[in-house]
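*Asks:* Got model24.csv for you, CSV, C-alpha atoms (C1' of nucleotides):
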chain,number,residue,atom,x,y,z
A,216,MET,CA,1.8,-68.6,1.0
A,217,LEU,CA,1.9,-67.7,4.6
A,218,GLU,CA,5.1,-68.7,6.2
A,219,ILE,CA,3.6,-67.8,9.6
A,220,SER,CA,0.4,-68.9,11.2
A,221,PRO,CA,-1.2,-67.0,13.9
A,222,GLY,CA,-1.1,-70.1,16.1
A,223,ASP,CA,2.7,-69.9,16.0
A,224,LEU,CA,2.8,-66.5,17.6
A,225,THR,CA,3.1,-67.7,21.2
A,226,VAL,CA,5.3,-65.8,23.6
A,227,GLY,CA,7.2,-69.0,24.2
A,228,HIS,CA,8.2,-69.3,20.6
A,229,ILE,CA,9.0,-65.7,20.3
A,230,ALA,CA,11.2,-65.8,23.4
A,231,ALA,CA,13.0,-68.9,22.3
A,232,ARG,CA,13.7,-67.5,18.9
A,233,ALA,CA,14.9,-64.3,20.4
A,234,GLY,CA,17.2,-66.3,22.7
A,235,VAL,CA,15.6,-64.7,25.7
A,236,ASN,CA,13.5,-65.8,28.6
A,237,GLU,CA,9.7,-65.6,28.4
A,238,THR,CA,9.6,-63.6,31.7
A,239,THR,CA,11.8,-60.9,30.2
A,240,ILE,CA,9.2,-60.3,27.5
A,241,PHE,CA,6.4,-60.0,29.9
A,242,ARG,CA,8.3,-57.6,32.1
A,243,LYS,CA,9.2,-55.4,29.2
A,244,TRP,CA,5.9,-55.3,27.4
A,245,GLY,CA,3.3,-56.6,29.8
A,246,THR,CA,1.2,-58.4,27.2
A,247,LYS,CA,1.8,-60.3,24.1
A,248,GLU,CA,-0.2,-57.9,22.0
A,249,ALA,CA,1.7,-54.9,23.2
A,250,LEU,CA,4.9,-56.6,22.2
A,251,LEU,CA,3.7,-57.4,18.7
A,252,ALA,CA,2.1,-54.0,18.3
A,253,ASP,CA,5.4,-52.4,19.2
A,254,VAL,CA,7.6,-54.5,17.0
A,255,LEU,CA,5.3,-54.4,14.0
A,256,MET,CA,4.6,-50.7,14.2
A,257,THR,CA,8.3,-50.1,14.1
A,258,LEU,CA,8.7,-52.5,11.2
A,259,SER,CA,6.0,-51.0,9.1
A,260,GLY,CA,7.1,-47.5,9.8
A,261,GLU,CA,10.5,-48.3,8.3
A,262,ARG,CA,9.1,-49.8,5.2
A,263,LEU,CA,6.3,-47.8,3.8
A,264,VAL,CA,7.1,-44.6,2.1
A,265,ALA,CA,5.1,-42.0,0.1
A,266,PRO,CA,7.2,-40.9,-2.9
A,267,ASP,CA,6.4,-38.0,-5.2
A,268,THR,CA,6.5,-39.4,-8.7
A,269,GLY,CA,4.8,-36.5,-10.4
A,270,SER,CA,1.4,-38.2,-11.0
A,271,LEU,CA,-1.4,-39.4,-8.8
A,272,ARG,CA,-1.3,-42.8,-10.5
A,273,GLY,CA,2.4,-43.0,-10.0
A,274,ASP,CA,2.3,-42.1,-6.4
A,275,LEU,CA,-0.6,-44.4,-5.6
A,276,VAL,CA,1.0,-47.4,-7.4
A,277,ALA,CA,4.2,-46.8,-5.6
A,278,VAL,CA,2.5,-46.7,-2.2
A,279,ILE,CA,0.1,-49.5,-2.8
A,280,GLU,CA,2.8,-51.7,-4.3
A,281,ALA,CA,5.0,-51.1,-1.2
A,282,VAL,CA,2.1,-52.0,1.0
A,283,ALA,CA,1.4,-55.2,-1.0
A,284,GLU,CA,5.0,-56.2,-0.7
A,285,PHE,CA,4.9,-55.7,3.0
A,286,LEU,CA,1.7,-57.6,3.4
A,287,ARG,CA,3.2,-60.5,1.5
A,288,THR,CA,5.9,-60.9,4.2
A,289,PRO,CA,5.2,-62.8,7.4
A,290,ALA,CA,5.7,-59.7,9.4
A,291,GLY,CA,3.2,-57.8,7.2
A,292,TYR,CA,0.6,-60.5,7.5
A,293,ALA,CA,1.1,-60.5,11.3
A,294,LEU,CA,0.6,-56.8,11.4
A,295,ALA,CA,-2.6,-57.0,9.5
A,296,TYR,CA,-3.7,-59.9,11.6
A,297,LEU,CA,-2.8,-58.1,14.8
A,298,GLY,CA,-4.8,-55.0,13.8
A,299,ALA,CA,-7.8,-57.2,13.4
A,300,THR,CA,-7.5,-59.1,16.6
A,301,ALA,CA,-5.7,-57.1,19.3
A,302,GLU,CA,-8.1,-55.9,22.0
A,303,ASP,CA,-5.9,-54.3,24.7
A,304,GLU,CA,-5.6,-50.6,25.2
A,305,THR,CA,-2.0,-50.4,24.1
A,306,SER,CA,-2.7,-52.0,20.8
A,307,ARG,CA,-5.8,-49.9,20.2
A,308,GLY,CA,-3.8,-46.7,20.7
A,309,LEU,CA,-1.0,-47.9,18.4
A,310,ARG,CA,-3.6,-49.0,15.8
A,311,ASP,CA,-5.3,-45.7,15.8
A,312,ALA,CA,-2.1,-43.7,15.6
A,313,PHE,CA,-0.9,-46.0,12.8
A,314,TRP,CA,-3.9,-45.5,10.6
A,315,ALA,CA,-4.1,-41.8,11.3
A,316,ASP,CA,-0.6,-41.5,10.0
A,317,ARG,CA,-1.3,-43.5,6.9
A,318,PHE,CA,-4.4,-41.6,6.0
A,319,GLU,CA,-2.5,-38.4,6.5
A,320,ARG,CA,0.1,-39.4,4.0
A,321,ALA,CA,-2.5,-40.5,1.6
A,322,GLN,CA,-4.2,-37.1,1.9
A,323,VAL,CA,-1.0,-35.4,1.0
A,324,ILE,CA,-0.8,-37.5,-2.2
A,325,PHE,CA,-4.3,-36.5,-3.2
A,326,GLU,CA,-3.8,-32.9,-2.4
A,327,ARG,CA,-0.7,-32.8,-4.6
A,328,ALA,CA,-2.8,-34.3,-7.4
A,329,GLN,CA,-5.5,-31.7,-6.9
A,330,ALA,CA,-2.9,-28.9,-7.0
A,331,ARG,CA,-1.6,-30.3,-10.3
A,332,GLY,CA,-5.2,-30.3,-11.6
A,333,GLU,CA,-5.4,-34.0,-11.9
A,334,ILE,CA,-8.5,-34.4,-9.8
A,335,PRO,CA,-11.2,-31.9,-8.9
A,336,ASP,CA,-11.3,-32.6,-5.2
A,337,ALA,CA,-9.0,-34.2,-2.7
A,338,ASP,CA,-11.9,-35.0,-0.4
A,339,VAL,CA,-12.1,-38.5,-1.9
A,340,ALA,CA,-8.7,-39.3,-0.4
A,341,PRO,CA,-9.9,-41.1,2.7
A,342,LEU,CA,-12.4,-43.4,0.9
A,343,ALA,CA,-10.1,-44.0,-2.1
A,344,TYR,CA,-7.2,-44.9,0.1
A,345,GLU,CA,-9.3,-47.0,2.3
A,346,ALA,CA,-10.6,-48.9,-0.8
A,347,LEU,CA,-7.0,-49.5,-2.0
A,348,ILE,CA,-5.6,-50.7,1.3
A,349,GLY,CA,-8.8,-52.3,2.5
A,350,THR,CA,-9.1,-54.5,-0.5
A,351,MET,CA,-5.7,-56.0,0.1
A,352,HIS,CA,-6.2,-56.5,3.8
A,353,PHE,CA,-9.5,-58.1,3.1
A,354,ARG,CA,-7.8,-60.4,0.5
A,355,ILE,CA,-5.3,-61.8,3.0
A,356,LEU,CA,-7.3,-61.6,6.2
A,357,ALA,CA,-10.8,-62.6,5.3
A,358,ARG,CA,-10.3,-64.5,2.1
A,359,ARG,CA,-6.8,-65.9,3.0
A,360,ARG,CA,-5.7,-65.6,-0.6
A,361,PRO,CA,-2.4,-64.3,-1.8
A,362,LEU,CA,-1.9,-60.8,-3.3
A,363,ASP,CA,-1.3,-61.4,-7.0
A,364,PRO,CA,1.6,-59.6,-8.6
A,365,GLY,CA,-0.4,-57.0,-10.5
A,366,ILE,CA,-2.9,-56.2,-7.8
A,367,ALA,CA,-1.5,-52.8,-7.0
A,368,GLU,CA,-1.8,-51.4,-10.5
A,369,ARG,CA,-5.1,-53.0,-11.1
A,370,LEU,CA,-6.5,-51.6,-7.9
A,371,VAL,CA,-5.2,-48.1,-8.5
A,372,ASP,CA,-6.6,-48.1,-12.0
A,373,LEU,CA,-10.0,-49.3,-10.7
A,374,VAL,CA,-10.1,-46.6,-8.0
A,375,LEU,CA,-8.9,-43.9,-10.4
A,376,ASP,CA,-11.0,-44.6,-13.4
A,377,GLY,CA,-13.9,-46.8,-12.1
A,378,VAL,CA,-15.4,-49.9,-13.6
A,379,SER,CA,-16.6,-48.3,-16.7
A,380,GLY,CA,-13.3,-46.4,-17.2
A,381,LEU,CA,-11.3,-49.6,-17.2
A,382,GLY,CA,-12.7,-51.0,-20.5
A,383,ARG,CA,-12.2,-47.8,-22.4
B,223,MET,CA,-20.7,-49.5,18.2
B,224,LEU,CA,-19.8,-53.1,18.7
B,225,GLU,CA,-22.2,-54.8,21.1
B,226,ILE,CA,-20.1,-57.9,21.1
B,227,SER,CA,-16.4,-58.3,21.7
B,228,PRO,CA,-14.5,-61.3,20.5
B,229,GLY,CA,-13.4,-62.0,24.1
B,230,ASP,CA,-17.0,-62.7,25.0
B,231,LEU,CA,-17.3,-65.5,22.5
B,232,THR,CA,-16.4,-68.3,24.9
B,233,VAL,CA,-18.1,-71.6,24.5
B,234,GLY,CA,-19.1,-71.3,28.1
B,235,HIS,CA,-21.0,-68.1,27.5
B,236,ILE,CA,-22.6,-69.4,24.3
B,237,ALA,CA,-23.7,-72.6,26.1
B,238,ALA,CA,-25.1,-70.6,29.1
B,239,ARG,CA,-27.0,-68.3,26.8
B,240,ALA,CA,-28.4,-71.2,24.8
B,241,GLY,CA,-29.5,-72.8,28.1
B,242,VAL,CA,-27.5,-75.9,27.2
B,243,ASN,CA,-24.5,-77.7,28.6
B,244,GLU,CA,-21.0,-76.9,27.3
B,245,THR,CA,-20.4,-80.6,26.6
B,246,THR,CA,-23.3,-80.7,24.2
B,247,ILE,CA,-21.9,-78.1,22.0
B,248,PHE,CA,-18.5,-79.8,21.7
B,249,ARG,CA,-20.2,-83.1,21.0
B,250,LYS,CA,-22.3,-81.5,18.2
B,251,TRP,CA,-19.7,-79.3,16.6
B,252,GLY,CA,-16.3,-80.5,17.8
B,253,THR,CA,-14.7,-77.1,18.0
B,254,LYS,CA,-15.8,-73.6,18.8
B,255,GLU,CA,-14.9,-72.4,15.4
B,256,ALA,CA,-16.9,-75.0,13.6
B,257,LEU,CA,-20.0,-73.9,15.7
B,258,LEU,CA,-19.5,-70.3,14.9
B,259,ALA,CA,-18.9,-71.0,11.2
B,260,ASP,CA,-22.0,-73.1,11.0
B,261,VAL,CA,-24.2,-70.6,12.8
B,262,LEU,CA,-23.0,-67.6,11.0
B,263,MET,CA,-22.9,-69.1,7.5
B,264,THR,CA,-26.6,-69.9,8.0
B,265,LEU,CA,-27.3,-66.4,9.3
B,266,SER,CA,-25.5,-64.6,6.5
B,267,GLY,CA,-27.1,-66.9,3.9
B,268,GLU,CA,-30.5,-65.8,5.0
B,269,ARG,CA,-29.7,-62.2,4.9
B,270,LEU,CA,-27.8,-61.2,1.8
B,271,VAL,CA,-29.6,-61.1,-1.4
B,272,ALA,CA,-28.8,-60.0,-5.0
B,273,PRO,CA,-31.8,-58.1,-6.5
B,274,ASP,CA,-32.2,-57.1,-10.1
B,275,THR,CA,-33.0,-53.4,-10.0
B,276,GLY,CA,-32.4,-52.7,-13.6
B,277,SER,CA,-29.1,-50.8,-13.3
B,278,LEU,CA,-25.6,-51.8,-12.2
B,279,ARG,CA,-25.5,-49.0,-9.7
B,280,GLY,CA,-28.9,-50.0,-8.3
B,281,ASP,CA,-27.9,-53.6,-8.0
B,282,LEU,CA,-24.6,-52.8,-6.3
B,283,VAL,CA,-26.0,-50.3,-3.9
B,284,ALA,CA,-28.6,-52.8,-2.9
B,285,VAL,CA,-26.1,-55.6,-2.3
B,286,ILE,CA,-23.5,-53.4,-0.6
B,287,GLU,CA,-26.0,-51.7,1.6
B,288,ALA,CA,-27.3,-55.1,2.7
B,289,VAL,CA,-23.8,-56.2,3.5
B,290,ALA,CA,-23.2,-53.0,5.4
B,291,GLU,CA,-26.3,-53.5,7.5
B,292,PHE,CA,-25.3,-57.0,8.2
B,293,LEU,CA,-21.8,-56.0,9.2
B,294,ARG,CA,-23.2,-53.5,11.6
B,295,THR,CA,-24.9,-56.2,13.7
B,296,PRO,CA,-23.0,-58.2,16.3
B,297,ALA,CA,-23.5,-61.4,14.3
B,298,GLY,CA,-22.2,-59.7,11.2
B,299,TYR,CA,-19.2,-58.4,13.0
B,300,ALA,CA,-18.6,-61.9,14.4
B,301,LEU,CA,-18.8,-63.4,11.0
B,302,ALA,CA,-16.2,-61.0,9.6
B,303,TYR,CA,-14.0,-61.5,12.7
B,304,LEU,CA,-14.3,-65.3,12.4
B,305,GLY,CA,-13.4,-65.2,8.7
B,306,ALA,CA,-10.2,-63.5,9.6
B,307,THR,CA,-9.3,-65.7,12.6
B,308,ALA,CA,-10.6,-69.2,12.1
B,309,GLU,CA,-7.9,-71.7,11.4
B,310,ASP,CA,-9.4,-75.1,11.5
B,311,GLU,CA,-10.3,-77.1,8.4
B,312,THR,CA,-14.0,-76.9,8.8
B,313,SER,CA,-13.9,-73.1,9.0
B,314,ARG,CA,-11.6,-72.9,6.0
B,315,GLY,CA,-13.9,-75.0,3.9
B,316,LEU,CA,-16.9,-72.9,4.9
B,317,ARG,CA,-15.0,-69.7,4.3
B,318,ASP,CA,-14.0,-70.7,0.8
B,319,ALA,CA,-17.5,-71.8,-0.1
B,320,PHE,CA,-19.0,-68.7,1.3
B,321,TRP,CA,-16.8,-66.3,-0.7
B,322,ALA,CA,-17.1,-68.4,-3.8
B,323,ASP,CA,-20.8,-68.0,-3.6
B,324,ARG,CA,-20.6,-64.3,-3.0
B,325,PHE,CA,-18.3,-63.7,-5.9
B,326,GLU,CA,-20.5,-65.7,-8.2
B,327,ARG,CA,-23.5,-63.6,-7.3
B,328,ALA,CA,-21.5,-60.5,-7.9
B,329,GLN,CA,-20.4,-61.8,-11.3
B,330,VAL,CA,-24.0,-62.2,-12.3
B,331,ILE,CA,-24.7,-58.6,-11.5
B,332,PHE,CA,-21.8,-57.4,-13.7
B,333,GLU,CA,-22.8,-59.7,-16.5
B,334,ARG,CA,-26.3,-58.3,-16.5
B,335,ALA,CA,-24.8,-54.9,-16.7
B,336,GLN,CA,-22.6,-55.9,-19.6
B,337,ALA,CA,-25.6,-57.4,-21.4
B,338,ARG,CA,-27.4,-54.1,-20.9
B,339,GLY,CA,-24.4,-52.3,-22.4
B,340,GLU,CA,-23.6,-50.4,-19.2
B,341,ILE,CA,-20.1,-51.6,-19.0
B,342,PRO,CA,-17.7,-52.9,-21.7
B,343,ASP,CA,-16.5,-55.9,-19.8
B,344,ALA,CA,-17.7,-58.0,-16.8
B,345,ASP,CA,-14.2,-59.2,-16.1
B,346,VAL,CA,-13.7,-56.5,-13.6
B,347,ALA,CA,-16.4,-58.0,-11.4
B,348,PRO,CA,-14.1,-59.9,-9.0
B,349,LEU,CA,-11.8,-57.0,-8.3
B,350,ALA,CA,-14.6,-54.5,-8.2
B,351,TYR,CA,-16.7,-56.6,-5.8
B,352,GLU,CA,-13.7,-57.3,-3.7
B,353,ALA,CA,-13.0,-53.6,-3.4
B,354,LEU,CA,-16.5,-52.9,-2.3
B,355,ILE,CA,-16.7,-55.7,0.3
B,356,GLY,CA,-13.1,-55.5,1.3
B,357,THR,CA,-13.3,-51.8,2.2
B,358,MET,CA,-16.1,-52.4,4.6
B,359,HIS,CA,-14.5,-55.4,6.2
B,360,PHE,CA,-11.3,-53.5,6.5
B,361,ARG,CA,-13.1,-50.7,8.2
B,362,ILE,CA,-14.6,-52.8,10.9
B,363,LEU,CA,-11.9,-55.4,11.3
B,364,ALA,CA,-8.6,-53.6,10.9
B,365,ARG,CA,-9.6,-50.0,11.8
B,366,ARG,CA,-12.4,-50.8,14.2
B,367,ARG,CA,-14.5,-48.0,13.0
B,368,PRO,CA,-18.2,-48.0,12.3
B,369,LEU,CA,-19.7,-48.1,8.8
B,370,ASP,CA,-21.1,-44.7,8.3
B,371,PRO,CA,-24.7,-44.5,6.8
B,372,GLY,CA,-23.7,-43.4,3.3
B,373,ILE,CA,-20.8,-45.7,2.8
B,374,ALA,CA,-22.6,-48.1,0.4
B,375,GLU,CA,-23.5,-45.4,-2.1
B,376,ARG,CA,-20.2,-43.6,-1.8
B,377,LEU,CA,-18.3,-46.8,-2.3
B,378,VAL,CA,-20.3,-47.9,-5.3
B,379,ASP,CA,-19.9,-44.5,-6.9
B,380,LEU,CA,-16.2,-44.6,-6.3
B,381,VAL,CA,-15.8,-48.0,-7.8
B,382,LEU,CA,-18.1,-47.2,-10.8
B,383,ASP,CA,-16.8,-43.8,-11.7
B,384,GLY,CA,-13.4,-43.6,-10.1
B,385,VAL,CA,-11.8,-40.8,-8.2
B,386,SER,CA,-11.8,-38.4,-11.1
B,387,GLY,CA,-15.3,-39.3,-12.0
B,388,LEU,CA,-16.7,-38.3,-8.6
B,389,GLY,CA,-15.9,-34.7,-8.9
B,390,ARG,CA,-17.6,-34.2,-12.3
C,1,DC,C1',-46.9,-99.3,28.3
C,2,DC,C1',-42.1,-101.1,27.5
C,3,DA,C1',-37.6,-101.5,25.8
C,4,DC,C1',-34.0,-99.6,23.4
C,5,DT,C1',-31.2,-96.0,21.6
C,6,DA,C1',-29.5,-91.5,21.0
C,7,DA,C1',-29.0,-87.1,23.1
C,8,DT,C1',-28.0,-84.4,27.2
C,9,DG,C1',-26.4,-83.1,32.0
C,10,DC,C1',-22.8,-83.2,35.2
C,11,DA,C1',-18.3,-83.7,37.4
C,12,DA,C1',-13.8,-84.3,36.8
C,13,DG,C1',-9.9,-83.7,34.5
C,14,DT,C1',-6.3,-82.6,30.6
C,15,DC,C1',-3.8,-79.3,28.1
C,16,DA,C1',-1.9,-75.1,26.3
C,17,DA,C1',-0.7,-70.5,26.7
C,18,DA,C1',-0.9,-66.0,28.8
C,19,DC,C1',0.7,-63.9,32.7
C,20,DT,C1',2.7,-63.5,37.8
C,21,DT,C1',6.0,-63.9,41.6
C,22,DG,C1',10.1,-64.7,44.3
C,23,DC,C1',14.8,-65.1,44.2
C,24,DG,C1',19.3,-65.5,42.8
C,25,DT,C1',22.7,-63.9,39.2
C,26,DT,C1',24.5,-61.2,35.6
C,27,DT,C1',25.4,-56.7,33.5
C,28,DA,C1',26.2,-52.1,33.1
C,29,DT,C1',27.5,-48.0,34.7
C,30,DA,C1',28.7,-44.4,37.8
D,117,DT,C1',34.3,-51.6,42.7
D,118,DA,C1',29.7,-50.9,44.5
D,119,DT,C1',24.9,-50.5,43.3
D,120,DA,C1',20.8,-50.7,40.7
D,121,DA,C1',18.5,-52.3,36.9
D,122,DA,C1',17.9,-56.2,33.9
D,123,DC,C1',17.7,-61.0,33.2
D,124,DG,C1',17.3,-66.3,34.0
D,125,DC,C1',14.9,-69.8,36.2
D,126,DA,C1',11.4,-72.3,38.6
D,127,DA,C1',7.1,-72.5,40.3
D,128,DG,C1',2.5,-71.4,40.3
D,129,DT,C1',-2.1,-69.1,38.9
D,130,DT,C1',-5.8,-68.6,35.6
D,131,DT,C1',-8.7,-69.2,31.8
D,132,DG,C1',-10.8,-71.3,28.2
D,133,DA,C1',-10.8,-75.1,24.7
D,134,DC,C1',-11.6,-79.8,24.6
D,135,DT,C1',-12.2,-84.9,26.6
D,136,DT,C1',-14.1,-88.7,29.2
D,137,DG,C1',-17.1,-91.6,32.0
D,138,DC,C1',-21.3,-92.2,33.9
D,139,DA,C1',-26.0,-91.3,35.1
D,140,DT,C1',-30.3,-89.4,33.3
D,141,DT,C1',-33.6,-88.0,30.2
D,142,DA,C1',-36.2,-88.0,25.9
D,143,DG,C1',-37.7,-89.9,21.8
D,144,DT,C1',-39.2,-93.9,19.1
D,145,DG,C1',-40.8,-98.4,17.5
D,146,DG,C1',-43.2,-102.5,18.9
In structure tokens, how does this file's structure come out?
*Replies:*
Amino acid sequence: MLEISPGDLTVGHIAARAGVNETTIFRKWGTKEALLADVLMTLSGERLVAPDTGSLRGDLVAVIEAVAEFLRTPAGYALAYLGATAEDETSRGLRDAFWADRFERAQVIFERAQARGEIPDADVAPLAYEALIGTMHFRILARRRPLDPGIAERLVDLVLDGVSGLGR
Amino acid sequence: MLEISPGDLTVGHIAARAGVNETTIFRKWGTKEALLADVLMTLSGERLVAPDTGSLRGDLVAVIEAVAEFLRTPAGYALAYLGATAEDETSRGLRDAFWADRFERAQVIFERAQARGEIPDADVAPLAYEALIGTMHFRILARRRPLDPGIAERLVDLVLDGVSGLGR
DNA sequence: CCACTAATGCAAGTCAAACTTGCGTTTATA
DNA sequence: TATAAACGCAAGTTTGACTTGCATTAGTGG
């Protein structure tokens, strides 16, 4: 499943693979974590989008599916792993900014849904989005299990309709 | 919030605090991760229980609240952190066994609810439980934010009734 | 009380990986 | 073409996981 293991993320390896000297990396970023944070923030910023499909379910499935796809890649896994382990100031700042941005985008989706009359209140957005994203992060970080193909849809349905709603 | 930082978890510190020599620890557990896994598995095993309150919501709130309380302690945070970072074989085995046990207990809760006629199908148990637990782990691991007091109830309500159900 | 064994303390050392420093060389750019 | 910034290279520092050899202590059966 995971083509990359955290233990492989040494600055030496990264430098070698980049065809560059280790010293250069430290001069440019200062710490290993700052480098990873920088690279991965850029990466994830390019990938994840928030489309307007016309329905809350459609929007959420699109976003969550995109996140799931990203988390299945080595870079995506590394980003999640980094978020959970980076301790330095730079990483902390990037992490906060990153999540602030994500939750803002999620809020927009829910507010559109409220405007359409799909949901009574967009205030659930933070918790709902956190449940969607958090479950997937938990799956790969804490449980170390792969994200199965249907997880995005199943999660969205769960969060939208609830346990009792699913069997109807 | 966090009274313990992962950087403080050196074997030297642990040994000193235990009033024991570092060598002794390595002789007994072999690796740092094996020690932590052992200690924390014991710890968490003692704490988390699955009561029978008579309703699915009651059961879930009790369990999730207990988990939330545990995750708010340094040991609980360390357990979550360890689960996400430990790489050795021993830790992997303990981790798998740990989650298998938790998901089994969750399954029981949902099956009781199905037997009572509260839900049509207990098959949602794994995903529902994962959403509940995963959201909290995500909160403290990836976002590094505290678990607010009402989170257990709010999460359970979300997972039981869904986004649209909450506003009713 | 004695002998034997297993656990512990202690000192020294290995090893890996992050990070630093000094210096010479390349590269870019005005 | 001159000059400053960026890079390569070699050497070294530091820290923390983990090992080893040896002496000492503690527990246990006779």
*Asks:* Within 12 Å of stretch 220-225 of chain A, which residues of stretch 10-30 of chain C come that close, and what is the closest atom pair and distance in Å for each? Count all atoms listed in the file and give it as a Markdown table.
*Replies:*
| residue | atom | partner | partner_atom | distance |
| --- | --- | --- | --- | --- |
| C:DA16 | C1' | A:Thr225 | CA | 10.3 |
| C:DA17 | C1' | A:Thr225 | CA | 7.2 |
| C:DA18 | C1' | A:Thr225 | CA | 8.8 |
*Asks:* Give me the residues near stretch 133-139 of chain D as a count of residues only, where near means some atom within 8 Å (using only C-alpha atoms (C1' of nucleotides)) and where sequence neighbours in that chain fewer than 6 positions away do not count.
*Replies:* 4
*Asks:* For C:DC23, work out the shell of residues within 10 Å, counting all atoms listed in the file and skipping chain neighbours fewer than 2 positions away, then give it as number ranges by chain.
*Replies:* C: 21, 25; D: 125-126
*Asks:* Any chance you could tabulate, as a tab-separated table, the residues of chain B at most 8 Å from chain A with each one's nearest atom pair and distance in Å to one decimal, using only C-alpha atoms, in chain and rising number order?
*Replies:*
residue	atom	partner	partner_atom	distance
B:Ala302	CA	A:Ala357	CA	7.1
B:Tyr303	CA	A:Ala299	CA	7.6
B:Gly305	CA	A:Ala357	CA	5.0
B:Ala306	CA	A:Ala357	CA	4.4
B:Thr307	CA	A:Leu356	CA	7.9
B:Arg317	CA	A:Arg358	CA	7.3
B:Asp318	CA	A:Arg358	CA	7.3
B:Trp321	CA	A:Arg358	CA	7.3
B:Glu340	CA	A:Ser379	CA	7.7
B:Ile341	CA	A:Ser379	CA	5.3
B:Pro342	CA	A:Gly382	CA	5.5
B:Asp343	CA	A:Gly382	CA	6.2
B:Val346	CA	A:Val378	CA	6.8
B:Leu349	CA	A:Leu370	CA	7.6
B:Ala350	CA	A:Val378	CA	7.1
B:Glu352	CA	A:Thr350	CA	6.3
B:Ala353	CA	A:Thr350	CA	4.9
B:Leu354	CA	A:Ala346	CA	7.3
B:Ile355	CA	A:Thr350	CA	7.7
B:Gly356	CA	A:Thr350	CA	4.5
B:Thr357	CA	A:Gly349	CA	4.5
B:Met358	CA	A:Gly349	CA	7.6
B:His359	CA	A:Phe353	CA	6.5
B:Phe360	CA	A:Gly349	CA	4.9
B:Arg361	CA	A:Gly349	CA	7.3
B:Leu363	CA	A:Ala299	CA	4.9
B:Ala364	CA	A:Ala299	CA	4.5
B:Arg365	CA	A:Gly298	CA	7.2
B:Arg366	CA	A:Ala299	CA	7.9
B:Leu377	CA	A:Leu342	CA	7.5
B:Leu380	CA	A:Gly377	CA	6.6
B:Val381	CA	A:Gly377	CA	4.9
B:Leu382	CA	A:Gly377	CA	4.4
B:Asp383	CA	A:Gly377	CA	4.2
B:Gly384	CA	A:Gly377	CA	3.8
B:Val385	CA	A:Leu375	CA	4.8
B:Ser386	CA	A:Ile334	CA	5.3
B:Gly387	CA	A:Asp376	CA	7.0
B:Gly389	CA	A:Pro335	CA	5.5
B:Arg390	CA	A:Pro335	CA	7.6
*Asks:* Using only C-alpha atoms (C1' of nucleotides), which chain D residues lie at most 10 Å away from chain A, written as a VMD selection string?
*Replies:* chain D and resid 122 to 125
*Asks:* Identify all chain C residues at most 12 Å from chain B by counting all atoms listed in the file; ligands do not count. Present them as a ChimeraX atom specification.
*Replies:* /C:7-11
*Asks:* Any idea what the distance is between atom CA of B:Asp274 and atom CA of B:Ala328?
*Replies:*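 It comes out at 11.4 Å.
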*Asks:* For the atom pair atom CA of A:Glu280 and atom CA of A:Ala367, what is the interatomic distance in Å to one decimal place?
*Replies:*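 Between atom CA of A:Glu280 and atom CA of A:Ala367 the gap is 5.2 Å.
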*Asks:* For atom CA of B:Leu282 and atom CA of B:Pro348, quote the distance in Å rounded to one decimal.
*Replies:* 13.0 Å
